[in-house]
file final_31.cif (mmCIF, C-alpha atoms)
data_structure
loop_
_atom_site.group_PDB
_atom_site.id
_atom_site.type_symbol
_atom_site.label_atom_id
_atom_site.label_comp_id
_atom_site.auth_asym_id
_atom_site.auth_seq_id
_atom_site.Cartn_x
_atom_site.Cartn_y
_atom_site.Cartn_z
ATOM 1 C CA MET A 889 -11.039 10.450 -9.162
ATOM 2 C CA ASN A 890 -9.472 13.474 -10.770
ATOM 3 C CA ASN A 891 -5.715 13.630 -11.058
ATOM 4 C CA ILE A 892 -3.952 16.270 -9.020
ATOM 5 C CA SER A 893 -0.486 17.684 -9.189
ATOM 6 C CA ILE A 894 2.006 15.516 -7.295
ATOM 7 C CA ASN A 895 3.787 18.671 -6.099
ATOM 8 C CA LYS A 896 0.637 20.313 -4.768
ATOM 9 C CA LYS A 897 -0.268 17.613 -2.214
ATOM 10 C CA GLU A 898 -3.639 19.208 -1.584
ATOM 11 C CA LEU A 899 -7.091 18.052 -2.500
ATOM 12 C CA SER A 900 -9.878 20.255 -3.761
ATOM 13 C CA PRO A 901 -13.020 20.249 -1.612
ATOM 14 C CA ALA A 902 -14.725 18.048 -4.226
ATOM 15 C CA GLN A 903 -11.836 15.549 -4.259
ATOM 16 C CA ARG A 904 -11.806 15.457 -0.475
ATOM 17 C CA GLU A 905 -15.556 14.827 -0.328
ATOM 18 C CA GLU A 906 -15.341 12.105 -3.006
ATOM 19 C CA LEU A 907 -12.452 10.384 -1.203
ATOM 20 C CA LEU A 908 -14.152 10.489 2.205
ATOM 21 C CA ARG A 909 -17.335 9.071 0.674
ATOM 22 C CA ALA A 910 -15.373 6.180 -0.932
ATOM 23 C CA LEU A 911 -13.481 5.483 2.310
ATOM 24 C CA LYS A 912 -16.686 5.540 4.384
ATOM 25 C CA THR A 913 -18.437 3.144 1.984
ATOM 26 C CA ARG A 914 -15.481 0.730 2.086
ATOM 27 C CA PHE A 915 -15.229 1.045 5.896
ATOM 28 C CA GLU A 916 -18.926 0.210 6.353
ATOM 29 C CA LYS A 917 -18.822 -2.638 3.821
ATOM 30 C CA ASN A 918 -15.847 -4.332 5.542
ATOM 31 C CA MET A 919 -16.550 -4.010 9.272
ATOM 32 C CA SER A 920 -14.729 -7.282 9.986
ATOM 33 C CA ARG A 921 -11.434 -5.489 9.223
ATOM 34 C CA HIS A 922 -11.905 -2.978 12.044
ATOM 35 C CA LYS A 923 -14.219 -4.354 14.717
ATOM 36 C CA GLY A 924 -15.050 -1.876 17.451
ATOM 37 C CA LEU A 925 -13.961 1.201 15.481
ATOM 38 C CA ALA A 926 -16.343 3.981 14.440
ATOM 39 C CA TRP A 927 -16.215 5.818 11.117
ATOM 40 C CA ALA A 928 -17.016 9.225 12.683
ATOM 41 C CA GLU A 929 -13.807 9.067 14.745
ATOM 42 C CA VAL A 930 -11.742 7.986 11.733
ATOM 43 C CA GLN A 931 -13.226 10.756 9.597
ATOM 44 C CA ALA A 932 -12.495 13.400 12.251
ATOM 45 C CA LYS A 933 -8.853 12.248 12.359
ATOM 46 C CA LEU A 934 -8.611 12.345 8.555
ATOM 47 C CA GLU A 935 -10.171 15.790 8.243
ATOM 48 C CA ALA A 936 -7.692 17.138 10.791
ATOM 49 C CA ASN A 937 -4.725 15.900 8.748
ATOM 50 C CA THR A 938 -4.816 17.047 5.114
ATOM 51 C CA GLY A 939 -1.367 15.598 4.351
ATOM 52 C CA LYS A 940 -2.514 12.102 5.285
ATOM 53 C CA LEU A 941 -5.723 12.651 3.345
ATOM 54 C CA TRP A 942 -3.610 13.438 0.261
ATOM 55 C CA SER A 943 -1.635 10.207 0.792
ATOM 56 C CA LEU A 944 -4.906 8.261 1.031
ATOM 57 C CA HIS A 945 -6.025 9.883 -2.208
ATOM 58 C CA GLU A 946 -2.834 8.609 -3.852
ATOM 59 C CA MET A 947 -3.445 5.126 -2.449
ATOM 60 C CA GLU A 948 -6.980 5.224 -3.849
ATOM 61 C CA ARG A 949 -5.940 6.743 -7.197
ATOM 62 C CA THR A 950 -3.413 3.948 -7.822
ATOM 63 C CA GLY A 951 -5.929 1.181 -7.051
ATOM 64 C CA GLY A 952 -5.027 0.337 -3.454
ATOM 65 C CA GLU A 953 -8.537 0.527 -1.977
ATOM 66 C CA PRO A 954 -7.211 1.696 1.420
ATOM 67 C CA ASP A 955 -9.132 0.717 4.535
ATOM 68 C CA VAL A 956 -8.694 0.905 8.302
ATOM 69 C CA VAL A 957 -7.261 -2.338 9.682
ATOM 70 C CA GLY A 958 -6.526 -1.361 13.270
ATOM 71 C CA TYR A 959 -5.914 1.238 15.947
ATOM 72 C CA ASP A 960 -2.623 1.822 17.748
ATOM 73 C CA LYS A 961 -3.574 2.593 21.350
ATOM 74 C CA LYS A 962 -0.047 3.778 22.186
ATOM 75 C CA THR A 963 0.030 6.499 19.514
ATOM 76 C CA GLY A 964 -3.720 7.087 19.111
ATOM 77 C CA GLU A 965 -3.445 6.487 15.368
ATOM 78 C CA TYR A 966 -5.597 4.497 12.980
ATOM 79 C CA ILE A 967 -3.723 1.968 10.826
ATOM 80 C CA ILE A 968 -4.645 1.870 7.147
ATOM 81 C CA TYR A 969 -3.476 -0.693 4.561
ATOM 82 C CA ASP A 970 -4.125 -1.157 0.877
ATOM 83 C CA CYS A 971 -6.916 -3.751 0.807
ATOM 84 C CA SER A 972 -7.412 -4.267 -2.935
ATOM 85 C CA ALA A 973 -7.880 -7.932 -3.806
ATOM 86 C CA GLU A 974 -4.729 -7.890 -5.950
ATOM 87 C CA SER A 975 -1.578 -5.795 -5.754
ATOM 88 C CA PRO A 976 -2.631 -2.246 -6.733
ATOM 89 C CA GLN A 977 -2.846 -1.939 -10.519
ATOM 90 C CA GLY A 978 -1.296 1.543 -10.618
ATOM 91 C CA ARG A 979 1.803 0.371 -8.732
ATOM 92 C CA ARG A 980 2.933 -2.669 -10.700
ATOM 93 C CA ASN A 981 5.886 -3.197 -13.009
ATOM 94 C CA VAL A 982 8.307 -1.578 -10.567
ATOM 95 C CA CYS A 983 11.621 -2.786 -9.184
ATOM 96 C CA TYR A 984 12.336 -2.512 -5.469
ATOM 97 C CA ASP A 985 14.280 0.765 -5.007
ATOM 98 C CA ARG A 986 16.264 3.535 -6.716
ATOM 99 C CA GLU A 987 19.578 1.656 -6.415
ATOM 100 C CA ALA A 988 18.037 -1.352 -8.181
ATOM 101 C CA LEU A 989 16.510 0.873 -10.860
ATOM 102 C CA GLU A 990 19.833 2.556 -11.582
ATOM 103 C CA SER A 991 21.674 -0.786 -11.688
ATOM 104 C CA ARG A 992 19.658 -1.975 -14.711
ATOM 105 C CA LYS A 993 21.521 -1.469 -17.953
ATOM 106 C CA GLU A 994 18.452 -1.847 -20.196
ATOM 107 C CA HIS A 995 14.693 -2.437 -20.037
ATOM 108 C CA LYS A 996 14.390 -0.265 -16.962
ATOM 109 C CA PRO A 997 10.980 0.010 -15.302
ATOM 110 C CA GLU A 998 9.517 3.487 -15.001
ATOM 111 C CA ASN A 999 9.801 3.589 -11.217
ATOM 112 C CA SER A 1000 10.602 1.715 -8.017
ATOM 113 C CA ALA A 1001 8.351 0.652 -5.158
ATOM 114 C CA ILE A 1002 10.298 2.607 -2.537
ATOM 115 C CA ASP A 1003 10.362 5.810 -4.625
ATOM 116 C CA MET A 1004 6.643 5.597 -5.335
ATOM 117 C CA ALA A 1005 5.770 4.920 -1.696
ATOM 118 C CA THR A 1006 7.928 7.830 -0.538
ATOM 119 C CA ALA A 1007 6.306 10.172 -3.063
ATOM 120 C CA MET A 1008 2.878 9.023 -1.845
ATOM 121 C CA GLY A 1009 3.768 9.485 1.832
ATOM 122 C CA ILE A 1010 3.259 5.805 2.710
ATOM 123 C CA GLU A 1011 5.404 2.831 3.769
ATOM 124 C CA LEU A 1012 5.664 -0.589 2.146
ATOM 125 C CA LEU A 1013 4.091 -3.326 4.255
ATOM 126 C CA THR A 1014 6.534 -5.385 6.297
ATOM 127 C CA GLU A 1015 6.341 -9.175 6.260
ATOM 128 C CA GLU A 1016 4.556 -9.083 9.622
ATOM 129 C CA GLN A 1017 2.020 -6.510 8.394
ATOM 130 C CA TYR A 1018 1.438 -8.520 5.208
ATOM 131 C CA ARG A 1019 0.690 -11.646 7.249
ATOM 132 C CA GLU A 1020 -1.725 -9.610 9.409
ATOM 133 C CA LEU A 1021 -3.469 -8.332 6.273
ATOM 134 C CA GLN A 1022 -3.907 -11.889 5.011
ATOM 135 C CA LYS A 1023 -5.847 -12.732 8.192
ATOM 136 C CA LEU A 1024 -8.491 -10.226 7.041
ATOM 137 C CA GLY A 1025 -9.149 -11.867 3.669
ATOM 138 C CA ASN A 1026 -7.482 -13.392 0.617
ATOM 139 C CA PHE A 1027 -5.155 -10.903 -1.035
ATOM 140 C CA ASP A 1028 -2.694 -11.352 -3.928
ATOM 141 C CA THR A 1029 -4.031 -14.693 -5.151
ATOM 142 C CA LYS A 1030 -2.971 -13.813 -8.728
ATOM 143 C CA THR A 1031 -0.362 -11.109 -8.074
ATOM 144 C CA SER A 1032 2.465 -10.489 -5.627
ATOM 145 C CA SER A 1033 3.632 -7.475 -3.612
ATOM 146 C CA TRP A 1034 7.087 -6.191 -2.719
ATOM 147 C CA LEU A 1035 7.625 -6.022 1.055
ATOM 148 C CA LYS A 1036 9.867 -3.785 3.122
ATOM 149 C CA THR A 1037 13.121 -5.693 2.881
ATOM 150 C CA PRO A 1038 15.502 -6.147 5.831
ATOM 151 C CA ALA A 1039 18.746 -4.187 5.322
ATOM 152 C CA GLU A 1040 20.929 -7.315 5.453
ATOM 153 C CA ILE A 1041 19.051 -8.853 2.509
ATOM 154 C CA ARG A 1042 18.994 -5.622 0.519
ATOM 155 C CA LYS A 1043 22.740 -5.090 1.098
ATOM 156 C CA LEU A 1044 23.360 -8.370 -0.732
ATOM 157 C CA GLY A 1045 21.260 -7.290 -3.730
ATOM 158 C CA GLY A 1046 17.985 -8.972 -2.867
ATOM 159 C CA ALA A 1047 14.488 -7.918 -1.934
ATOM 160 C CA ILE A 1048 11.468 -9.831 -0.652
ATOM 161 C CA PHE A 1049 7.911 -10.100 -1.914
ATOM 162 C CA ALA A 1050 4.887 -12.176 -0.967
ATOM 163 C CA ASP A 1051 1.623 -13.590 -2.221
ATOM 164 C CA LEU A 1052 -1.131 -16.008 -1.244
ATOM 165 C CA ARG A 1053 -1.255 -19.404 -2.942
ATOM 166 C CA TYR A 1054 -2.784 -22.691 -1.806
ATOM 167 C CA ASP A 1055 -4.298 -20.891 1.221
ATOM 168 C CA HIS A 1056 -0.782 -20.076 2.449
ATOM 169 C CA VAL A 1057 1.255 -16.873 2.547
ATOM 170 C CA PHE A 1058 4.545 -17.341 0.703
ATOM 171 C CA VAL A 1059 7.424 -14.926 1.142
ATOM 172 C CA TYR A 1060 10.049 -15.112 -1.579
ATOM 173 C CA HIS A 1061 13.197 -13.337 -2.658
ATOM 174 C CA ASN A 1062 14.287 -11.840 -5.955
ATOM 175 C CA GLY A 1063 16.976 -9.526 -7.232
ATOM 176 C CA ALA A 1064 15.856 -6.041 -6.238
ATOM 177 C CA GLU A 1065 16.207 -4.936 -9.864
ATOM 178 C CA SER A 1066 13.576 -7.401 -11.118
ATOM 179 C CA TYR A 1067 10.069 -6.290 -12.020
ATOM 180 C CA TYR A 1068 6.954 -8.001 -13.300
ATOM 181 C CA GLY A 1069 3.538 -6.994 -14.592
ATOM 182 C CA VAL A 1070 1.885 -8.857 -11.726
ATOM 183 C CA ARG A 1071 4.089 -7.512 -8.913
ATOM 184 C CA GLY A 1072 3.415 -4.208 -7.228
ATOM 185 C CA PHE A 1073 3.424 -3.122 -3.612
ATOM 186 C CA ARG A 1074 0.969 -2.476 -0.796
ATOM 187 C CA GLY A 1075 1.289 0.451 1.526
ATOM 188 C CA SER A 1076 0.491 1.374 5.084
ATOM 189 C CA LEU A 1077 -0.361 4.705 6.621
ATOM 190 C CA LYS A 1078 -1.028 5.806 10.188
ATOM 191 C CA VAL A 1079 -3.428 8.676 10.849
#

call {"tool": "encode", "arguments": {"input": "final_31.cif", "output": "structure tokens"}}
result
Amino acid sequence: MNNISINKKELSPAQREELLRALKTRFEKNMSRHKGLAWAEVQAKLEANTGKLWSLHEMERTGGEPDVVGYDKKTGEYIIYDCSAESPQGRRNVCYDREALESRKEHKPENSAIDMATAMGIELLTEEQYRELQKLGNFDTKTSSWLKTPAEIRKLGGAIFADLRYDHVFVYHNGAESYYGVRGFRGSLKV
């Protein structure tokens, strides 16, 4: 997909059409992730919300392979997660947040997971959401993903991440300032 200006937050008609085509193909290929939901209804919701469509474009552009994973009956919103097999390639090598980034004296990563997610208009998956995602397939078998960290853990300097090994979801901790080539983050978006 073509790059767009981060400040613009609008897609050209061609970008919008290309994104919707990719999302529809992924939706139809992975019906087990969203049983009972219809693409036409999802597409109508997306087309009515260009800001969310831009966020989905960013998820797609950075390798997240976003897909619908549920529907919130209370809010009437579709729930979308990054469903790439491994942590999105374009979002790796990042520490947890701005505070962690600024605390590094040397060898700073280029960005943080929280800053990137905010700029993209998405949220990091929580531990609960990550475990729900893992029920839909095997994700992060070679990588790991930062998770939204509870305030009490972050206040003490830590952050949590998770992966899937030995057919089990493991949630770990690390200093929030750490970063690795195989650790990124997965996002969620409601439309």

call {"tool": "atom_distance", "arguments": {"input": "final_31.cif", "atom1": "CA of Glu974 in chain A", "atom2": "CA of Phe1027 in chain A"}}
result
5.8 Å

call {"tool": "closest_residue", "arguments": {"input": "final_31.cif", "among": "A:Ala1039, A:Val982, A:Leu944, A:Met1008", "to": "Leu907 in chain A", "atoms": "only C-alpha atoms"}}
result
A:Leu944

call {"tool": "atom_distance", "arguments": {"input": "final_31.cif", "atom1": "CA of Thr1014 in chain A", "atom2": "CA of Leu911 in chain A"}}
result
23.1 Å

call {"tool": "resolve_selection", "arguments": {"input": "final_31.cif", "expression": "the PyMOL selection byres ((chain A and resi 1006) around 12)", "output": "PDB file with C-alpha atoms, keeping the file's coordinate frame"}}
result
ATOM      1  CA  ILE A 894       2.006  15.516  -7.295  1.00  0.00           C
ATOM      2  CA  SER A 943      -1.635  10.207   0.792  1.00  0.00           C
ATOM      3  CA  GLU A 946      -2.834   8.609  -3.852  1.00  0.00           C
ATOM      4  CA  MET A 947      -3.445   5.126  -2.449  1.00  0.00           C
ATOM      5  CA  ASP A 985      14.280   0.765  -5.007  1.00  0.00           C
ATOM      6  CA  ARG A 986      16.264   3.535  -6.716  1.00  0.00           C
ATOM      7  CA  ASN A 999       9.801   3.589 -11.217  1.00  0.00           C
ATOM      8  CA  SER A1000      10.602   1.715  -8.017  1.00  0.00           C
ATOM      9  CA  ALA A1001       8.351   0.652  -5.158  1.00  0.00           C
ATOM     10  CA  ILE A1002      10.298   2.607  -2.537  1.00  0.00           C
ATOM     11  CA  ASP A1003      10.362   5.810  -4.625  1.00  0.00           C
ATOM     12  CA  MET A1004       6.643   5.597  -5.335  1.00  0.00           C
ATOM     13  CA  ALA A1005       5.770   4.920  -1.696  1.00  0.00           C
ATOM     14  CA  ALA A1007       6.306  10.172  -3.063  1.00  0.00           C
ATOM     15  CA  MET A1008       2.878   9.023  -1.845  1.00  0.00           C
ATOM     16  CA  GLY A1009       3.768   9.485   1.832  1.00  0.00           C
ATOM     17  CA  ILE A1010       3.259   5.805   2.710  1.00  0.00           C
ATOM     18  CA  GLU A1011       5.404   2.831   3.769  1.00  0.00           C
ATOM     19  CA  LEU A1012       5.664  -0.589   2.146  1.00  0.00           C
ATOM     20  CA  GLY A1075       1.289   0.451   1.526  1.00  0.00           C
ATOM     21  CA  SER A1076       0.491   1.374   5.084  1.00  0.00           C
ATOM     22  CA  LEU A1077      -0.361   4.705   6.621  1.00  0.00           C
TER      23      LEU A1077
END

call {"tool": "atom_distance", "arguments": {"input": "final_31.cif", "atom1": "CA of Lys1043 in chain A", "atom2": "CA of Val1070 in chain A"}}
result
24.8 Å

call {"tool": "resolve_selection", "arguments": {"input": "final_31.cif", "expression": "the PyMOL selection byres ((chain A and resi 957) around 8)", "output": "list in words"}}
result
Arg921, His922, Asp955, Val956, Gly958, Tyr959, Tyr966, Ile967, Ile968, Tyr969 and Leu1021 of chain A

call {"tool": "write_last_selection", "arguments": {"input": "final_31.cif", "atoms": "C-alpha atoms", "output": "short mmCIF file (atom, residue, chain, number, x, y, z; two decimals), in the coordinates of the input"}}
result
data_model
loop_
_atom_site.label_atom_id
_atom_site.label_comp_id
_atom_site.auth_asym_id
_atom_site.auth_seq_id
_atom_site.Cartn_x
_atom_site.Cartn_y
_atom_site.Cartn_z
CA ARG A 921 -11.43 -5.49 9.22
CA HIS A 922 -11.90 -2.98 12.04
CA ASP A 955 -9.13 0.72 4.54
CA VAL A 956 -8.69 0.90 8.30
CA GLY A 958 -6.53 -1.36 13.27
CA TYR A 959 -5.91 1.24 15.95
CA TYR A 966 -5.60 4.50 12.98
CA ILE A 967 -3.72 1.97 10.83
CA ILE A 968 -4.64 1.87 7.15
CA TYR A 969 -3.48 -0.69 4.56
CA LEU A 1021 -3.47 -8.33 6.27
#

call {"tool": "closest_residue", "arguments": {"input": "final_31.cif", "among": "A:Lys1078, A:Phe915, A:Ser1066, A:Val930", "to": "His995 in chain A", "atoms": "only C-alpha atoms"}}
result
A:Ser1066

call {"tool": "closest_residue", "arguments": {"input": "final_31.cif", "among": "A:Ala926, A:Trp1034, A:Cys971, A:Lys993", "to": "Glu1020 in chain A", "atoms": "only C-alpha atoms"}}
result
A:Cys971

call {"tool": "closest_residue", "arguments": {"input": "final_31.cif", "among": "A:Leu1044, A:Ala988, A:Ala1050, A:Val1079", "to": "Ala1064 in chain A", "atoms": "all atoms listed in the file"}}
result
A:Ala988

call {"tool": "residues_around", "arguments": {"input": "final_31.cif", "residues": "Gln1022 in chain A", "least_positions_apart": "3", "cutoff": "12 Å", "atoms": "all atoms listed in the file", "output": "number ranges by chain"}}
result
A: 921, 957, 969-974, 1013, 1015-1019, 1025-1029, 1050-1053, 1055-1058

call {"tool": "decode", "arguments": {"input": "final_31.cif", "residues": "range 1039-1065 of chain A", "atoms": "N, CA and C atoms", "output": "mmCIF file, in the first residue's frame"}}
result
data_model
loop_
_atom_site.group_PDB
_atom_site.id
_atom_site.type_symbol
_atom_site.label_atom_id
_atom_site.label_comp_id
_atom_site.auth_asym_id
_atom_site.auth_seq_id
_atom_site.Cartn_x
_atom_site.Cartn_y
_atom_site.Cartn_z
ATOM 1 N N ALA A 1039 -1.270 -0.151 35.654
ATOM 2 C CA ALA A 1039 -0.579 1.027 36.192
ATOM 3 C C ALA A 1039 0.351 0.684 37.347
ATOM 4 N N GLU A 1040 -0.057 -0.263 38.209
ATOM 5 C CA GLU A 1040 0.781 -0.584 39.373
ATOM 6 C C GLU A 1040 2.099 -1.241 38.968
ATOM 7 N N ILE A 1041 2.098 -1.980 37.878
ATOM 8 C CA ILE A 1041 3.338 -2.585 37.369
ATOM 9 C C ILE A 1041 4.193 -1.517 36.687
ATOM 10 N N ARG A 1042 3.548 -0.690 35.876
ATOM 11 C CA ARG A 1042 4.283 0.347 35.151
ATOM 12 C C ARG A 1042 4.911 1.354 36.110
ATOM 13 N N LYS A 1043 4.218 1.675 37.197
ATOM 14 C CA LYS A 1043 4.715 2.630 38.192
ATOM 15 C C LYS A 1043 6.039 2.164 38.800
ATOM 16 N N LEU A 1044 6.231 0.856 38.843
ATOM 17 C CA LEU A 1044 7.454 0.282 39.407
ATOM 18 C C LEU A 1044 8.542 0.057 38.346
ATOM 19 N N GLY A 1045 8.283 0.504 37.115
ATOM 20 C CA GLY A 1045 9.295 0.427 36.067
ATOM 21 C C GLY A 1045 9.142 -0.725 35.100
ATOM 22 N N GLY A 1046 8.146 -1.573 35.323
ATOM 23 C CA GLY A 1046 7.987 -2.739 34.467
ATOM 24 C C GLY A 1046 6.907 -2.587 33.418
ATOM 25 N N ALA A 1047 6.860 -3.561 32.542
ATOM 26 C CA ALA A 1047 5.817 -3.667 31.528
ATOM 27 C C ALA A 1047 5.662 -5.156 31.222
ATOM 28 N N ILE A 1048 4.500 -5.531 30.680
ATOM 29 C CA ILE A 1048 4.261 -6.942 30.397
ATOM 30 C C ILE A 1048 4.181 -7.188 28.894
ATOM 31 N N PHE A 1049 4.539 -8.400 28.513
ATOM 32 C CA PHE A 1049 4.441 -8.843 27.131
ATOM 33 C C PHE A 1049 4.063 -10.313 27.156
ATOM 34 N N ALA A 1050 3.675 -10.835 25.998
ATOM 35 C CA ALA A 1050 3.234 -12.230 25.937
ATOM 36 C C ALA A 1050 3.624 -12.862 24.620
ATOM 37 N N ASP A 1051 3.580 -14.191 24.618
ATOM 38 C CA ASP A 1051 3.799 -14.971 23.407
ATOM 39 C C ASP A 1051 3.159 -16.336 23.589
ATOM 40 N N LEU A 1052 3.265 -17.154 22.549
ATOM 41 C CA LEU A 1052 2.737 -18.519 22.593
ATOM 42 C C LEU A 1052 3.895 -19.480 22.390
ATOM 43 N N ARG A 1053 4.134 -20.321 23.396
ATOM 44 C CA ARG A 1053 5.166 -21.352 23.305
ATOM 45 C C ARG A 1053 4.604 -22.623 23.928
ATOM 46 N N TYR A 1054 4.980 -23.763 23.377
ATOM 47 C CA TYR A 1054 4.551 -25.049 23.925
ATOM 48 C C TYR A 1054 3.029 -25.130 24.068
ATOM 49 N N ASP A 1055 2.313 -24.560 23.083
ATOM 50 C CA ASP A 1055 0.847 -24.530 23.088
ATOM 51 C C ASP A 1055 0.270 -23.858 24.327
ATOM 52 N N HIS A 1056 0.988 -22.888 24.879
ATOM 53 C CA HIS A 1056 0.540 -22.177 26.072
ATOM 54 C C HIS A 1056 0.866 -20.691 25.945
ATOM 55 N N VAL A 1057 -0.058 -19.847 26.370
ATOM 56 C CA VAL A 1057 0.195 -18.409 26.380
ATOM 57 C C VAL A 1057 0.998 -18.075 27.630
ATOM 58 N N PHE A 1058 2.153 -17.444 27.435
ATOM 59 C CA PHE A 1058 2.983 -16.997 28.544
ATOM 60 C C PHE A 1058 2.957 -15.484 28.599
ATOM 61 N N VAL A 1059 2.719 -14.956 29.779
ATOM 62 C CA VAL A 1059 2.785 -13.515 30.010
ATOM 63 C C VAL A 1059 3.986 -13.283 30.909
ATOM 64 N N TYR A 1060 4.863 -12.386 30.466
ATOM 65 C CA TYR A 1060 6.105 -12.116 31.171
ATOM 66 C C TYR A 1060 6.188 -10.638 31.551
ATOM 67 N N HIS A 1061 7.274 -10.309 32.205
ATOM 68 C CA HIS A 1061 7.549 -8.914 32.543
ATOM 69 C C HIS A 1061 8.951 -8.566 32.077
ATOM 70 N N ASN A 1062 9.188 -7.285 31.898
ATOM 71 C CA ASN A 1062 10.495 -6.783 31.502
ATOM 72 C C ASN A 1062 10.550 -5.329 31.952
ATOM 73 N N GLY A 1063 11.757 -4.771 31.992
ATOM 74 C CA GLY A 1063 11.841 -3.330 32.193
ATOM 75 C C GLY A 1063 11.189 -2.660 30.998
ATOM 76 N N ALA A 1064 10.398 -1.639 31.235
ATOM 77 C CA ALA A 1064 9.667 -0.981 30.157
ATOM 78 C C ALA A 1064 10.593 -0.379 29.110
ATOM 79 N N GLU A 1065 11.852 -0.128 29.488
ATOM 80 C CA GLU A 1065 12.801 0.472 28.557
ATOM 81 C C GLU A 1065 13.448 -0.546 27.616
#
